[in-house]
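What follows is target_33.pdb (PDB, C-alpha atoms).
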```pdb
MODEL        1
ATOM      1  CA  MET A   1      72.746   6.541 -63.127
ATOM      2  CA  SER A   2      72.800  10.292 -63.206
ATOM      3  CA  LYS A   3      72.484  12.447 -60.129
ATOM      4  CA  LYS A   4      69.198  13.832 -61.451
ATOM      5  CA  THR A   5      67.672  10.352 -61.763
ATOM      6  CA  VAL A   6      68.809   9.364 -58.248
ATOM      7  CA  VAL A   7      67.175  12.482 -56.735
ATOM      8  CA  LEU A   8      63.959  11.796 -58.669
ATOM      9  CA  LEU A   9      63.882   8.155 -57.506
ATOM     10  CA  ILE A  10      64.489   9.160 -53.878
ATOM     11  CA  GLY A  11      61.618  11.666 -54.136
ATOM     12  CA  ILE A  12      59.286   9.005 -55.533
ATOM     13  CA  ILE A  13      60.300   6.486 -52.843
ATOM     14  CA  ILE A  14      59.671   9.022 -50.070
ATOM     15  CA  SER A  15      56.258   9.955 -51.528
ATOM     16  CA  VAL A  16      55.207   6.313 -51.838
ATOM     17  CA  SER A  17      56.439   5.565 -48.305
ATOM     18  CA  VAL A  18      54.418   8.430 -46.824
ATOM     19  CA  LEU A  19      51.262   7.355 -48.670
ATOM     20  CA  ALA A  20      51.759   3.687 -47.766
ATOM     21  CA  ALA A  21      52.174   4.585 -44.096
ATOM     22  CA  GLY A  22      48.662   6.030 -44.143
ATOM     23  CA  CYS A  23      49.678   9.595 -43.424
ATOM     24  CA  THR A  24      46.408  11.532 -43.223
ATOM     25  CA  PHE A  25      45.197  14.818 -41.848
ATOM     26  CA  ASN A  26      41.971  15.946 -40.247
ATOM     27  CA  LEU A  27      39.839  18.125 -42.463
ATOM     28  CA  GLY A  28      38.174  19.579 -39.376
ATOM     29  CA  ASN A  29      34.906  17.739 -39.738
ATOM     30  CA  PRO A  30      32.704  19.414 -37.174
ATOM     31  CA  THR A  31      30.506  17.308 -34.941
ATOM     32  CA  ALA A  32      26.807  17.552 -35.622
ATOM     33  CA  PRO A  33      24.976  20.037 -33.391
ATOM     34  CA  ALA A  34      23.234  18.442 -30.414
ATOM     35  CA  SER A  35      19.468  18.047 -30.392
ATOM     36  CA  PRO A  36      17.334  19.896 -27.842
ATOM     37  CA  THR A  37      16.751  17.593 -24.868
ATOM     38  CA  ASN A  38      16.741  19.935 -21.836
ATOM     39  CA  THR A  39      13.485  21.713 -21.010
ATOM     40  CA  TYR A  40      13.211  25.285 -19.774
ATOM     41  CA  ASP A  41       9.909  26.118 -18.041
ATOM     42  CA  SER A  42       9.281  29.818 -17.690
ATOM     43  CA  ALA A  43       7.169  31.494 -15.059
ATOM     44  CA  LYS A  44       6.005  33.699 -17.950
ATOM     45  CA  GLY A  45       3.844  30.894 -19.319
ATOM     46  CA  PHE A  46       5.947  28.990 -21.827
ATOM     47  CA  SER A  47       8.383  26.115 -22.146
ATOM     48  CA  ILE A  48      11.064  25.376 -24.718
ATOM     49  CA  LYS A  49      13.637  22.623 -25.206
ATOM     50  CA  TYR A  50      17.311  23.403 -25.721
ATOM     51  CA  PRO A  51      20.469  21.360 -26.388
ATOM     52  CA  PRO A  52      22.773  20.454 -23.497
ATOM     53  CA  ASP A  53      25.745  22.134 -25.187
ATOM     54  CA  TRP A  54      23.974  25.526 -25.341
ATOM     55  CA  THR A  55      24.152  27.858 -22.342
ATOM     56  CA  LYS A  56      20.996  29.190 -20.664
ATOM     57  CA  ASP A  57      20.773  32.701 -19.242
ATOM     58  CA  GLU A  58      17.791  34.423 -17.649
ATOM     59  CA  PRO A  59      18.619  38.139 -17.789
ATOM     60  CA  LYS A  60      17.360  40.035 -14.752
ATOM     61  CA  ASN A  61      16.712  43.217 -16.742
ATOM     62  CA  GLY A  62      15.411  43.895 -20.218
ATOM     63  CA  ALA A  63      12.926  42.330 -22.552
ATOM     64  CA  ILE A  64      14.551  38.915 -22.963
ATOM     65  CA  SER A  65      13.013  36.181 -20.765
ATOM     66  CA  VAL A  66      15.619  33.557 -21.617
ATOM     67  CA  LEU A  67      18.672  33.487 -23.854
ATOM     68  CA  PHE A  68      20.289  30.283 -25.124
ATOM     69  CA  GLY A  69      23.903  30.776 -26.155
ATOM     70  CA  MET A  70      25.237  28.709 -29.035
ATOM     71  CA  PRO A  71      28.384  26.614 -28.573
ATOM     72  CA  THR A  72      30.266  29.118 -30.763
ATOM     73  CA  ASN A  73      30.852  31.179 -27.575
ATOM     74  CA  ASN A  74      30.013  34.328 -29.518
ATOM     75  CA  ASP A  75      27.719  36.540 -27.415
ATOM     76  CA  THR A  76      25.844  37.816 -30.469
ATOM     77  CA  GLU A  77      24.868  34.287 -31.574
ATOM     78  CA  ASN A  78      21.884  32.910 -29.687
ATOM     79  CA  LEU A  79      18.236  31.994 -29.611
ATOM     80  CA  ASN A  80      16.167  34.095 -27.233
ATOM     81  CA  VAL A  81      12.558  34.418 -26.157
ATOM     82  CA  GLN A  82      10.792  37.643 -25.266
ATOM     83  CA  VAL A  83       7.359  37.924 -23.674
ATOM     84  CA  TRP A  84       5.434  41.189 -23.716
ATOM     85  CA  ASN A  85       2.126  42.018 -22.036
ATOM     86  CA  LEU A  86      -0.295  43.574 -24.529
ATOM     87  CA  SER A  87      -3.429  45.640 -24.300
ATOM     88  CA  ALA A  88      -6.679  43.761 -24.888
ATOM     89  CA  ASN A  89      -7.217  45.074 -28.424
ATOM     90  CA  GLU A  90      -3.812  44.044 -29.840
ATOM     91  CA  THR A  91      -3.715  41.185 -32.325
ATOM     92  CA  LEU A  92      -1.115  39.351 -34.364
ATOM     93  CA  GLN A  93      -1.920  41.652 -37.282
ATOM     94  CA  SER A  94      -1.541  44.841 -35.246
ATOM     95  CA  ARG A  95       1.741  43.630 -33.707
ATOM     96  CA  THR A  96       3.104  42.573 -37.111
ATOM     97  CA  ALA A  97       2.259  46.053 -38.416
ATOM     98  CA  VAL A  98       4.551  47.440 -35.689
ATOM     99  CA  LEU A  99       7.307  44.796 -35.578
ATOM    100  CA  LEU A 100       7.932  44.317 -39.300
ATOM    101  CA  PRO A 101       8.776  47.979 -40.002
ATOM    102  CA  ALA A 102      11.010  48.000 -36.900
ATOM    103  CA  VAL A 103      12.945  45.014 -38.237
ATOM    104  CA  GLN A 104      13.151  46.574 -41.707
ATOM    105  CA  GLY A 105      14.701  49.662 -40.120
ATOM    106  CA  PHE A 106      17.955  47.886 -39.203
ATOM    107  CA  SER A 107      21.075  48.986 -41.060
ATOM    108  CA  ASP A 108      21.884  46.895 -44.156
ATOM    109  CA  PHE A 109      18.530  45.082 -43.850
ATOM    110  CA  THR A 110      17.951  42.416 -46.515
ATOM    111  CA  GLN A 111      14.756  40.391 -46.258
ATOM    112  CA  ILE A 112      15.070  36.712 -47.186
ATOM    113  CA  GLU A 113      11.606  35.485 -46.212
ATOM    114  CA  ALA A 114       8.448  36.864 -44.613
ATOM    115  CA  VAL A 115       5.504  34.507 -44.132
ATOM    116  CA  ASN A 116       2.466  33.685 -42.053
ATOM    117  CA  THR A 117       3.112  30.511 -40.085
ATOM    118  CA  ASN A 118       2.293  28.845 -36.749
ATOM    119  CA  LEU A 119       4.029  28.922 -33.384
ATOM    120  CA  ALA A 120       2.921  26.614 -30.564
ATOM    121  CA  GLY A 121      -0.280  25.880 -32.505
ATOM    122  CA  ASN A 122      -1.143  29.574 -32.871
ATOM    123  CA  PRO A 123      -1.127  31.803 -35.959
ATOM    124  CA  ALA A 124       2.259  33.531 -36.157
ATOM    125  CA  TYR A 125       4.449  35.616 -38.422
ATOM    126  CA  LYS A 126       8.047  34.802 -39.374
ATOM    127  CA  VAL A 127      10.710  36.933 -40.999
ATOM    128  CA  VAL A 128      14.216  35.814 -42.007
ATOM    129  CA  TYR A 129      16.745  38.521 -42.838
ATOM    130  CA  THR A 130      20.283  39.798 -42.621
ATOM    131  CA  ALA A 131      21.141  43.104 -40.994
ATOM    132  CA  ASN A 132      23.912  45.010 -39.298
ATOM    133  CA  ILE A 133      23.031  45.069 -35.608
ATOM    134  CA  GLY A 134      25.372  46.691 -33.120
ATOM    135  CA  GLY A 135      28.171  46.632 -35.687
ATOM    136  CA  ASP A 136      27.780  42.903 -36.418
ATOM    137  CA  LEU A 137      26.415  41.532 -39.687
ATOM    138  CA  LEU A 138      23.925  38.852 -38.596
ATOM    139  CA  LYS A 139      21.400  36.519 -40.146
ATOM    140  CA  LEU A 140      18.194  36.279 -38.119
ATOM    141  CA  THR A 141      14.918  34.435 -37.916
ATOM    142  CA  GLN A 142      12.221  36.074 -35.841
ATOM    143  CA  ILE A 143       8.846  34.512 -35.243
ATOM    144  CA  TRP A 144       6.059  35.945 -33.109
ATOM    145  CA  THR A 145       2.552  35.142 -31.994
ATOM    146  CA  VAL A 146      -0.088  36.641 -29.706
ATOM    147  CA  LYS A 147      -2.056  34.630 -27.142
ATOM    148  CA  ASN A 148      -3.959  35.493 -23.967
ATOM    149  CA  GLY A 149      -2.880  39.145 -24.014
ATOM    150  CA  LYS A 150       0.819  38.330 -24.436
ATOM    151  CA  GLU A 151       3.195  38.536 -27.352
ATOM    152  CA  TYR A 152       5.831  35.816 -27.670
ATOM    153  CA  ILE A 153       8.848  36.583 -29.864
ATOM    154  CA  ILE A 154      11.554  34.029 -30.620
ATOM    155  CA  THR A 155      14.745  35.277 -32.256
ATOM    156  CA  TYR A 156      17.496  33.070 -33.655
ATOM    157  CA  LYS A 157      20.573  35.032 -34.722
ATOM    158  CA  ALA A 158      24.055  34.115 -35.848
ATOM    159  CA  ALA A 159      26.893  35.273 -38.053
ATOM    160  CA  PRO A 160      25.999  34.318 -41.631
ATOM    161  CA  ASN A 161      28.799  31.709 -41.711
ATOM    162  CA  ASN A 162      27.408  29.978 -38.553
ATOM    163  CA  TYR A 163      23.686  30.419 -39.211
ATOM    164  CA  ASP A 164      23.125  27.283 -41.309
ATOM    165  CA  THR A 165      25.217  25.128 -38.960
ATOM    166  CA  TYR A 166      22.754  25.672 -36.094
ATOM    167  CA  ALA A 167      19.559  26.448 -38.056
ATOM    168  CA  SER A 168      18.102  22.941 -37.748
ATOM    169  CA  THR A 169      18.752  22.937 -33.981
ATOM    170  CA  ALA A 170      17.145  26.374 -33.688
ATOM    171  CA  GLN A 171      14.131  25.137 -35.668
ATOM    172  CA  GLN A 172      13.804  22.134 -33.349
ATOM    173  CA  MET A 173      13.846  24.533 -30.403
ATOM    174  CA  ILE A 174      11.179  26.704 -32.037
ATOM    175  CA  ASP A 175       9.094  23.609 -32.784
ATOM    176  CA  SER A 176       9.341  22.565 -29.111
ATOM    177  CA  PHE A 177       8.043  25.961 -27.914
ATOM    178  CA  ASN A 178       4.824  25.587 -25.914
ATOM    179  CA  ILE A 179       2.534  28.238 -24.454
ATOM    180  CA  LYS A 180       0.907  27.101 -21.204
TER     181      LYS A 180
ENDMDL
END
```

This structure in structure tokens:
Amino acid sequence: MSKKTVVLLIGIIISVSVLAAGCTFNLGNPTAPASPTNTYDSAKGFSIKYPPDWTKDEPKNGAISVLFGMPTNNDTENLNVQVWNLSANETLQSRTAVLLPAVQGFSDFTQIEAVNTNLAGNPAYKVVYTANIGGDLLKLTQIWTVKNGKEYIITYKAAPNNYDTYASTAQQMIDSFNIK
């Protein structure tokens, strides 16, 4: 037997041995995102469910009433709720006429979807888009409605590569939103 044949046979034997031993590797299958089971009740007249593996923050200052941080631990990726007091004559249509151009003004704005919809049983408007916000390219869904002199805005935002991973969880959270 030639030296070349012996080396080839040893290589085949080693390969077969490794396969027979069940040598495998983890492809990094991520666990499915958790479903919203915790309930947040706001003094601002709404409630929303959120998953136990998302953080909850109630900023003391600013427009955001509550911010739910995704398990990615990236501060720019979250779902947040804003509540604004409106004057008596403001409607969903008048607020959409203000909010939509503001959204379209973001750097690198690309609209994916813009539709009339419902939020907490009320007529609402939803826009899905990508934009550069604060130096980060993000994909966002924003949905807003007007009820009892208040505007409720829910924003889900994530890096484009994480957006789809948590989109169904974010939609479940949006679907759980209730105005009291």

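Each of A:Asn122, A:Thr55, A:Gln142, A:Asn74 was compared to Leu99 (chain A) using only C-alpha atoms, and A:Gln142 turns out to be the nearest.
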
Legend entry - Separation of CA of Gln172 (chain A) from CA of Thr96 (chain A) in Å: 23.4 Å

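Taking CA of Arg95 (chain A) and CA of Leu119 (chain A) as the two end points, the separation is 14.9 Å.
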
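The nearest approach to Leu138 (chain A) among the residues A:Val81, A:Leu92, A:Leu67, A:Ala158, with all atoms listed in the file taken into account, belongs to A:Ala158.
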
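Here the question is which of A:Leu100, A:Ile174, A:Ile179, A:Ile154 gets nearest to Ser65 (chain A) using all atoms listed in the file, and that residue is A:Ile154.
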
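Counting from CA of Ser87 (chain A), the distance to CA of Ile48 (chain A) is 24.9 Å.
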
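Once Gly105 (chain A) and its same-chain neighbours fewer than 5 positions away are set aside, Val98, Leu99, Leu100, Thr110, Gln111, Tyr129, Thr130, Ala131, Asn132 and Ile133 of chain A remain within 12 Å of it when counting all atoms listed in the file.
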
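With all atoms listed in the file as the atoms that count, the minimum distance from Ala120 (chain A) to the choices A:Ile64, A:Ala170, A:Ala34, A:Val146 is reached by A:Val146.
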
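For the choices A:Phe177, A:Tyr166, A:Tyr156, A:Tyr40, the atom-to-atom distance to Asp57 (chain A) is smallest for A:Tyr40 when using all atoms listed in the file.
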
Inset, instruction - Give me the residues within 12 Å of Val66 (chain A) as a list in words, counting all atoms listed in the file and dropping any in the same chain fewer than 4 places off. - result: Tyr40, Asp41, Ser42, Ala43, Lys44, Phe46, Ser47, Ile48, Lys49, Tyr50, Thr55, Lys56, Asp57, Glu58, Pro59, Lys60, Asn61, Gly62, Asn78, Leu79, Asn80, Val81, Gln82, Val83, Tyr152, Ile153, Ile154 and Thr155 of chain A

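Distance check against Asn118 (chain A) using all atoms listed in the file: of A:Ser35, A:Tyr163, A:Pro71, A:Thr145, the minimum falls on A:Thr145.
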
To test the calculation: enclose all listed atoms of region 52-58 of chain A in a box whose edges run along x, y and z, add 3 Å on each side, then state centre and edge lengths in Å to one decimal, as AutoDock Vina command-line options.
```
--center_x 21.8 --center_y 27.4 --center_z -21.5 --size_x 14.0 --size_y 20.0 --size_z 13.7
```

For the file shown, report as a PDB file with C-alpha atoms, keeping the file's coordinate frame the outcome of the PyMOL selection byres ((chain A and resi 33) around 10) at residue level.
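Wrote expr-v2.pdb, looks like this:
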```
ATOM      1  CA  PRO A  30      32.704  19.414 -37.174  1.00  0.00           C
ATOM      2  CA  THR A  31      30.506  17.308 -34.941  1.00  0.00           C
ATOM      3  CA  ALA A  32      26.807  17.552 -35.622  1.00  0.00           C
ATOM      4  CA  ALA A  34      23.234  18.442 -30.414  1.00  0.00           C
ATOM      5  CA  SER A  35      19.468  18.047 -30.392  1.00  0.00           C
ATOM      6  CA  PRO A  36      17.334  19.896 -27.842  1.00  0.00           C
ATOM      7  CA  PRO A  51      20.469  21.360 -26.388  1.00  0.00           C
ATOM      8  CA  ASP A  53      25.745  22.134 -25.187  1.00  0.00           C
ATOM      9  CA  TRP A  54      23.974  25.526 -25.341  1.00  0.00           C
ATOM     10  CA  MET A  70      25.237  28.709 -29.035  1.00  0.00           C
ATOM     11  CA  PRO A  71      28.384  26.614 -28.573  1.00  0.00           C
ATOM     12  CA  THR A 165      25.217  25.128 -38.960  1.00  0.00           C
ATOM     13  CA  TYR A 166      22.754  25.672 -36.094  1.00  0.00           C
ATOM     14  CA  ALA A 167      19.559  26.448 -38.056  1.00  0.00           C
ATOM     15  CA  SER A 168      18.102  22.941 -37.748  1.00  0.00           C
ATOM     16  CA  THR A 169      18.752  22.937 -33.981  1.00  0.00           C
TER      17      THR A 169
END
```

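Within 10 Å of the point (-9.2, 40.3, -27.0) in file coordinates, and counting all atoms listed in the file, lie the residues Leu86, Ser87, Ala88, Asn89, Glu90, Thr91, Lys147, Asn148 and Gly149 of chain A.
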